[in-house]
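The structure appears right after this line, and notes come after that.
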Amino acid sequence: MPAIPKGERCNIAIIGKRNAGKSSLINAMTSQDISIVSNTPGTTTDPVKKNYELLPIGPVSIIDTAGIDDLGELGEKRVKSTRKVLWRTDIALVVTDEHGITDDVKAIIEEVQNLNITTMVVFNKNDIADVDKSNKDYCRSLGLPYISVSSISGKNIRDLKEKMADLVPTEFLAERVLVGDLVNPGDQVVLVVPIDLAAPKGRLIMPQVQVLREILDNDAIGIMVKERELEDSLMKLKDPPDLIITDSQVILKVDGDVPEEIPLTTFSTLFARYKGELNMLVDGASAIDKLEDGDKVVIAESCSHHVQADDIGRVKIPRWLRQYTGKDIKFDVYSGHDFPDNLEEYKLVLHCGACMTNRMEMIRRMRECNRRGVPITNYGVAISKLHGVLDRVIKPFYK
């Protein structure tokens with residue numbers, strides 16, 4: 001399971017009030033002591049994640065969260081952390097205690113459903129009190145699946161896991177493609193991979209690995225070169241390549257080296273449609289032309305990393321954007337699962353390729369930007385726009 005990128009796993013969040021038995025439940029489900037269990041309310045502070053093999057689906061991440069009814073200044077921070085988890089949640093298990101569905105639980109269910117998260121109600125502690133008819137009727141009225149379990153005795157825990165497997169969104173069962181629909185068996189695909197300060201020593205970054213693997217899975221031929229060797233490599237090939245995929249940072253050089261008749265795109269553009277909606281991100285890039293002095297732009301990074309002197313998100317893109325627009329633009333950076341609450345203050349969101357987060361979180365971010373009237377695009381699409389090659393880079397997707 002460590003070989004499965006975390007952005008590809010189904011995220012299952014355990015949500016509920018304090019002392020509903022959420023931590024006991026994740027321990028019972030995994031047969032391990034993952035979370036600390038105590039009768040003291042608020043024992044779970046930060047989200048606790050356990051990677052787990054949920055058959056027949058495969059690798060998932062089960063996330064224990066703090067009580068969403070936590071109190072005080074520290075409690076508010078815990079609740080905020082729990083809500084961040086919801087943004088990347090594919091399935092929510094709303095856990096109740098022996099009192100069943102109270103008004104507080106109804107509020108939790110409403111919040112989860114407003115995010116269009118697949119939801120199941122888990123009536124915990126049935127060793128103390130079993131679920132009554134009114135609680136069942138409430139679930140039925142909302143079309144919510146439910147189950148009564150005991151994390152202490154283990155009753156119905158196996159049934160719970162089977163029901164969870166039935167709730168996994170279809171996109172985790174269907175094969176999503178990065179590049180597989182753009183290549184045929186026997187095709188030659190050239191991947192242009194710069195080795196600069198940002199390149200991890202001794203390895204490739206995740207998008208490059210995933211794209212190369214998919215090329216091989218489709219019985220095509222993958223050829224990797226650095227941008228400085230691209231022109232010479234093309235001359236040595238007997239036939240022109242069927243597709244060239246490059247790192248966005250060198251798109252301008254690659255565009256100049258690659259004849260117009262050879263299809264060309266970028267890793268980040270592939271991820272724009274794999275993790276989000278390509279059309280929306282392309283439309284969002286048009287907002288670059290409307291930026292004015294003093295406008296604020298979000299740089300959204302889905303991973304945390306050591307910032308290099310030529311960092312793509314914090315250094316290069318802001319520089320290119322100011323050069324392109326000629327405007328004095330302000331930039332705020334959000335990393336990991338942080339995302340601005342005050343979206344309306346910004347004129348544009350520039351998101352990374354989202355290789356380290358799941359598709360659900362990216363889609364929810366895009367929908368929230370759309371709902372609040374803020375354009376969103378991603379690094380690769382924006383860079384292609386800034387260098388004047390966007391039409392060429394997206395052409396392979398609109399044959």
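Starting from 1 in every chain, residues are counted up; chains themselves are A, B, ... following the order of the structure tokens, and ligands are numbered from 1 as listed.
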
Could you make a table, as JSON lines, of the residues of segment 192-228 of chain A that have an atom within 12 Å of an atom of segment 262-276 of chain A, each with its nearest atom pair and distance in Å to one decimal, counting only C-alpha atoms, in chain and number order?
{"residue": "A:Val192", "atom": "CA", "partner": "A:Thr266", "partner_atom": "CA", "distance": 9.0}
{"residue": "A:Val193", "atom": "CA", "partner": "A:Phe267", "partner_atom": "CA", "distance": 9.8}
{"residue": "A:Ile205", "atom": "CA", "partner": "A:Phe267", "partner_atom": "CA", "distance": 10.7}
{"residue": "A:Met206", "atom": "CA", "partner": "A:Phe267", "partner_atom": "CA", "distance": 10.3}
{"residue": "A:Pro207", "atom": "CA", "partner": "A:Phe267", "partner_atom": "CA", "distance": 6.7}
{"residue": "A:Gln208", "atom": "CA", "partner": "A:Phe267", "partner_atom": "CA", "distance": 7.1}
{"residue": "A:Val209", "atom": "CA", "partner": "A:Phe267", "partner_atom": "CA", "distance": 10.5}
{"residue": "A:Gln210", "atom": "CA", "partner": "A:Phe267", "partner_atom": "CA", "distance": 9.9}
{"residue": "A:Val211", "atom": "CA", "partner": "A:Phe267", "partner_atom": "CA", "distance": 7.8}
{"residue": "A:Leu212", "atom": "CA", "partner": "A:Phe267", "partner_atom": "CA", "distance": 10.5}
{"residue": "A:Glu214", "atom": "CA", "partner": "A:Leu270", "partner_atom": "CA", "distance": 11.9}

Per-residue DSSP, segment 165-320 of chain A, filtered to alpha helix (DSSP H), as number ranges by chain: A: 165-167, 206-217, 230-236, 251-257, 267-275, 278-285, 317-320

For the selection you just gave me, I'd like the residues written to a file as a compact mmCIF listing (two decimals), in the first residue's frame, keeping N, CA and C atoms.
# COMPACT_ATOMS: atom_id res chain seq x y z
N ALA A 165 -17.82 -0.74 1.43
CA ALA A 165 -17.34 -1.11 0.10
C ALA A 165 -18.41 -0.84 -0.95
N ASP A 166 -19.68 -1.04 -0.58
CA ASP A 166 -20.77 -0.79 -1.52
C ASP A 166 -20.95 0.70 -1.81
N LEU A 167 -20.46 1.56 -0.91
CA LEU A 167 -20.66 3.00 -1.05
C LEU A 167 -19.54 3.69 -1.82
N MET A 206 6.05 12.40 -8.87
CA MET A 206 4.93 11.50 -9.03
C MET A 206 4.21 11.63 -10.38
N PRO A 207 3.89 12.84 -10.88
CA PRO A 207 3.20 12.90 -12.17
C PRO A 207 3.98 12.24 -13.30
N GLN A 208 5.31 12.40 -13.31
CA GLN A 208 6.12 11.79 -14.35
C GLN A 208 6.07 10.27 -14.27
N VAL A 209 6.13 9.75 -13.06
CA VAL A 209 6.08 8.30 -12.86
C VAL A 209 4.72 7.75 -13.30
N GLN A 210 3.63 8.41 -12.91
CA GLN A 210 2.30 7.93 -13.25
C GLN A 210 2.06 7.95 -14.75
N VAL A 211 2.50 9.02 -15.41
CA VAL A 211 2.31 9.11 -16.85
C VAL A 211 3.13 8.04 -17.57
N LEU A 212 4.39 7.86 -17.18
CA LEU A 212 5.23 6.84 -17.80
C LEU A 212 4.62 5.46 -17.62
N ARG A 213 4.12 5.15 -16.42
CA ARG A 213 3.53 3.84 -16.18
C ARG A 213 2.32 3.62 -17.07
N GLU A 214 1.49 4.65 -17.25
CA GLU A 214 0.30 4.48 -18.07
C GLU A 214 0.66 4.30 -19.55
N ILE A 215 1.71 4.96 -19.99
CA ILE A 215 2.18 4.75 -21.36
C ILE A 215 2.58 3.30 -21.56
N LEU A 216 3.33 2.74 -20.61
CA LEU A 216 3.75 1.34 -20.70
C LEU A 216 2.57 0.40 -20.59
N ASP A 217 1.60 0.73 -19.73
CA ASP A 217 0.41 -0.10 -19.59
C ASP A 217 -0.39 -0.17 -20.88
N LEU A 230 16.47 17.33 -26.11
CA LEU A 230 15.27 17.02 -26.88
C LEU A 230 15.50 17.13 -28.39
N GLU A 231 16.04 18.25 -28.85
CA GLU A 231 16.19 18.47 -30.28
C GLU A 231 17.06 17.39 -30.92
N ASP A 232 18.17 17.07 -30.27
CA ASP A 232 19.07 16.04 -30.79
C ASP A 232 18.38 14.67 -30.78
N SER A 233 17.59 14.40 -29.74
CA SER A 233 16.90 13.10 -29.63
C SER A 233 15.87 12.95 -30.75
N LEU A 234 15.16 14.01 -31.07
CA LEU A 234 14.16 13.94 -32.15
C LEU A 234 14.83 13.63 -33.49
N MET A 235 16.01 14.16 -33.71
CA MET A 235 16.72 13.91 -34.96
C MET A 235 17.17 12.46 -35.07
N LYS A 236 17.41 11.83 -33.93
CA LYS A 236 17.89 10.44 -33.93
C LYS A 236 16.77 9.43 -34.09
N ILE A 251 8.12 24.66 -21.27
CA ILE A 251 7.22 24.56 -22.42
C ILE A 251 7.64 25.48 -23.55
N LEU A 252 8.16 26.67 -23.24
CA LEU A 252 8.51 27.61 -24.30
C LEU A 252 9.65 27.06 -25.15
N LYS A 253 10.69 26.50 -24.53
CA LYS A 253 11.79 25.91 -25.28
C LYS A 253 11.33 24.69 -26.07
N VAL A 254 10.55 23.84 -25.42
CA VAL A 254 10.07 22.62 -26.08
C VAL A 254 9.18 22.97 -27.27
N ASP A 255 8.33 23.94 -27.11
CA ASP A 255 7.47 24.38 -28.21
C ASP A 255 8.32 24.81 -29.41
N GLY A 256 9.43 25.50 -29.15
CA GLY A 256 10.30 25.93 -30.24
C GLY A 256 11.05 24.79 -30.90
N ASP A 257 11.33 23.72 -30.14
CA ASP A 257 12.10 22.59 -30.67
C ASP A 257 11.24 21.54 -31.38
N PHE A 267 2.60 17.71 -18.53
CA PHE A 267 2.17 16.86 -17.43
C PHE A 267 1.03 17.51 -16.65
N SER A 268 1.19 18.80 -16.38
CA SER A 268 0.20 19.50 -15.57
C SER A 268 -1.15 19.60 -16.26
N THR A 269 -1.15 19.70 -17.59
CA THR A 269 -2.42 19.73 -18.32
C THR A 269 -3.10 18.37 -18.27
N LEU A 270 -2.31 17.29 -18.33
CA LEU A 270 -2.88 15.95 -18.14
C LEU A 270 -3.56 15.85 -16.78
N PHE A 271 -2.91 16.38 -15.75
CA PHE A 271 -3.48 16.32 -14.41
C PHE A 271 -4.64 17.28 -14.24
N ALA A 272 -4.72 18.32 -15.08
CA ALA A 272 -5.84 19.25 -14.99
C ALA A 272 -7.16 18.52 -15.25
N ARG A 273 -7.16 17.58 -16.17
CA ARG A 273 -8.40 16.84 -16.43
C ARG A 273 -8.50 15.58 -15.57
N TYR A 274 -7.34 15.02 -15.13
CA TYR A 274 -7.34 13.81 -14.32
C TYR A 274 -7.85 14.09 -12.92
N LYS A 275 -7.46 15.24 -12.35
CA LYS A 275 -7.86 15.58 -10.99
C LYS A 275 -8.96 16.63 -10.94
N LEU A 278 -10.86 20.04 -17.02
CA LEU A 278 -9.97 20.80 -17.88
C LEU A 278 -10.64 22.05 -18.45
N ASN A 279 -11.88 21.92 -18.89
CA ASN A 279 -12.56 23.07 -19.50
C ASN A 279 -12.65 24.25 -18.53
N MET A 280 -12.98 23.97 -17.27
CA MET A 280 -13.10 25.04 -16.28
C MET A 280 -11.75 25.69 -16.01
N LEU A 281 -10.70 24.88 -15.97
CA LEU A 281 -9.38 25.42 -15.70
C LEU A 281 -8.85 26.24 -16.87
N VAL A 282 -9.19 25.83 -18.08
CA VAL A 282 -8.81 26.61 -19.26
C VAL A 282 -9.57 27.93 -19.27
N ASP A 283 -10.87 27.88 -18.98
CA ASP A 283 -11.66 29.11 -18.91
C ASP A 283 -11.11 30.05 -17.83
N GLY A 284 -10.69 29.45 -16.70
CA GLY A 284 -10.17 30.26 -15.60
C GLY A 284 -8.92 31.03 -15.98
N ALA A 285 -8.12 30.46 -16.89
CA ALA A 285 -6.88 31.12 -17.29
C ALA A 285 -7.14 32.44 -18.00
N ILE A 317 6.11 31.46 -11.34
CA ILE A 317 4.79 31.87 -11.83
C ILE A 317 4.48 33.32 -11.47
N PRO A 318 4.71 33.77 -10.21
CA PRO A 318 4.48 35.19 -9.93
C PRO A 318 5.31 36.11 -10.84
N ARG A 319 6.56 35.72 -11.11
CA ARG A 319 7.39 36.55 -11.98
C ARG A 319 6.83 36.60 -13.39
N TRP A 320 6.46 35.43 -13.94
CA TRP A 320 5.91 35.38 -15.30
C TRP A 320 4.58 36.15 -15.38

Distance criterion (only C-alpha atoms): nearest to Cys355 of chain A out of A:Leu237, A:Glu368, A:Ser302, A:Ser384: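 Checking each of A:Leu237, A:Glu368, A:Ser302, A:Ser384 against Cys355 of chain A, counting only C-alpha atoms, the winner is A:Ser302.
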
Nearest to Pro375 of chain A by atom-to-atom distance, counting only C-alpha atoms, from A:Thr118, A:Thr30, A:Ser286, A:Thr246: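 Smallest distance to Pro375 of chain A is found for A:Ser286.
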
Selection: 8 Å around Asp97 of chain A, only C-alpha atoms, excl. self and same-chain fewer than 3 positions, as a PyMOL selection string: chain A and resi 19-21+100+123-125

Separation of atom CA of Val298 of chain A from atom CA of Lys385 of chain A, in Å and rounded to one decimal: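 Atom-to-atom, atom CA of Val298 of chain A to atom CA of Lys385 of chain A, that is 17.1 Å.
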
Segment 138-297 of chain A: residues DSSP assigns to strand (DSSP E), reported as a ChimeraX atom specification: /A:146-148,188-192,221-225,243-246,264-266,296-297

Residue nearest Val168 of chain A among A:Pro241, A:Pro59, A:Gly186, A:Gly67 (counting only C-alpha atoms):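 Among the listed residues, A:Pro59 lies closest to Val168 of chain A.
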
Separation of atom CA of Val183 of chain A from atom CA of Pro259 of chain A in Å: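 Atom-to-atom, atom CA of Pro259 of chain A and atom CA of Val183 of chain A are spaced 18.5 Å apart.
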
9 Å contact set for Asn11 of chain A, only C-alpha atoms, chain neighbours under 2 positions out, as number ranges by chain: A: 9, 13, 60-63, 88-92, 358

Can you write just those residues out, N, CA, C and O atoms, as a short mmCIF file (atom, residue, chain, number, x, y, z; two decimals), in the first residue's frame?
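result-v6.cif was written with the following content:
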data_model
loop_
_atom_site.label_atom_id
_atom_site.label_comp_id
_atom_site.auth_asym_id
_atom_site.auth_seq_id
_atom_site.Cartn_x
_atom_site.Cartn_y
_atom_site.Cartn_z
N ARG A 9 -6.11 7.28 -3.28
CA ARG A 9 -6.89 6.46 -2.36
C ARG A 9 -8.26 7.07 -2.09
O ARG A 9 -8.43 8.28 -2.12
N ALA A 13 -13.98 9.28 6.01
CA ALA A 13 -13.87 10.06 7.24
C ALA A 13 -14.91 9.62 8.26
O ALA A 13 -16.08 9.39 7.92
N VAL A 60 -7.59 2.19 0.85
CA VAL A 60 -8.36 3.37 1.25
C VAL A 60 -7.64 4.03 2.42
O VAL A 60 -6.72 3.45 3.01
N SER A 61 -8.04 5.24 2.73
CA SER A 61 -7.56 5.92 3.94
C SER A 61 -8.76 6.19 4.84
O SER A 61 -9.72 6.84 4.41
N ILE A 62 -8.70 5.67 6.07
CA ILE A 62 -9.76 5.91 7.05
C ILE A 62 -9.26 6.99 8.01
O ILE A 62 -8.19 6.86 8.59
N ILE A 63 -10.05 8.05 8.16
CA ILE A 63 -9.59 9.22 8.92
C ILE A 63 -10.48 9.44 10.14
O ILE A 63 -11.69 9.65 10.00
N ARG A 88 -11.81 16.69 1.46
CA ARG A 88 -11.15 15.63 0.70
C ARG A 88 -11.77 14.26 0.98
O ARG A 88 -11.17 13.23 0.67
N THR A 89 -12.99 14.27 1.53
CA THR A 89 -13.66 13.02 1.91
C THR A 89 -14.52 12.49 0.77
O THR A 89 -15.28 13.23 0.14
N ASP A 90 -14.41 11.19 0.52
CA ASP A 90 -15.23 10.53 -0.49
C ASP A 90 -16.44 9.85 0.15
O ASP A 90 -17.51 9.80 -0.44
N ILE A 91 -16.25 9.30 1.35
CA ILE A 91 -17.34 8.67 2.10
C ILE A 91 -17.27 9.18 3.53
O ILE A 91 -16.19 9.17 4.15
N ALA A 92 -18.40 9.60 4.08
CA ALA A 92 -18.46 10.05 5.47
C ALA A 92 -19.29 9.06 6.28
O ALA A 92 -20.43 8.75 5.92
N ASN A 358 -6.50 14.19 -3.46
CA ASN A 358 -7.41 13.37 -4.25
C ASN A 358 -8.31 14.23 -5.13
O ASN A 358 -8.44 15.44 -4.94
#

Nearest to Glu260 of chain A by atom-to-atom distance, counting only C-alpha atoms, from A:Asp289, A:Asp137, A:Glu162, A:Asp391: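 Closest residue, counting only C-alpha atoms: A:Asp391.
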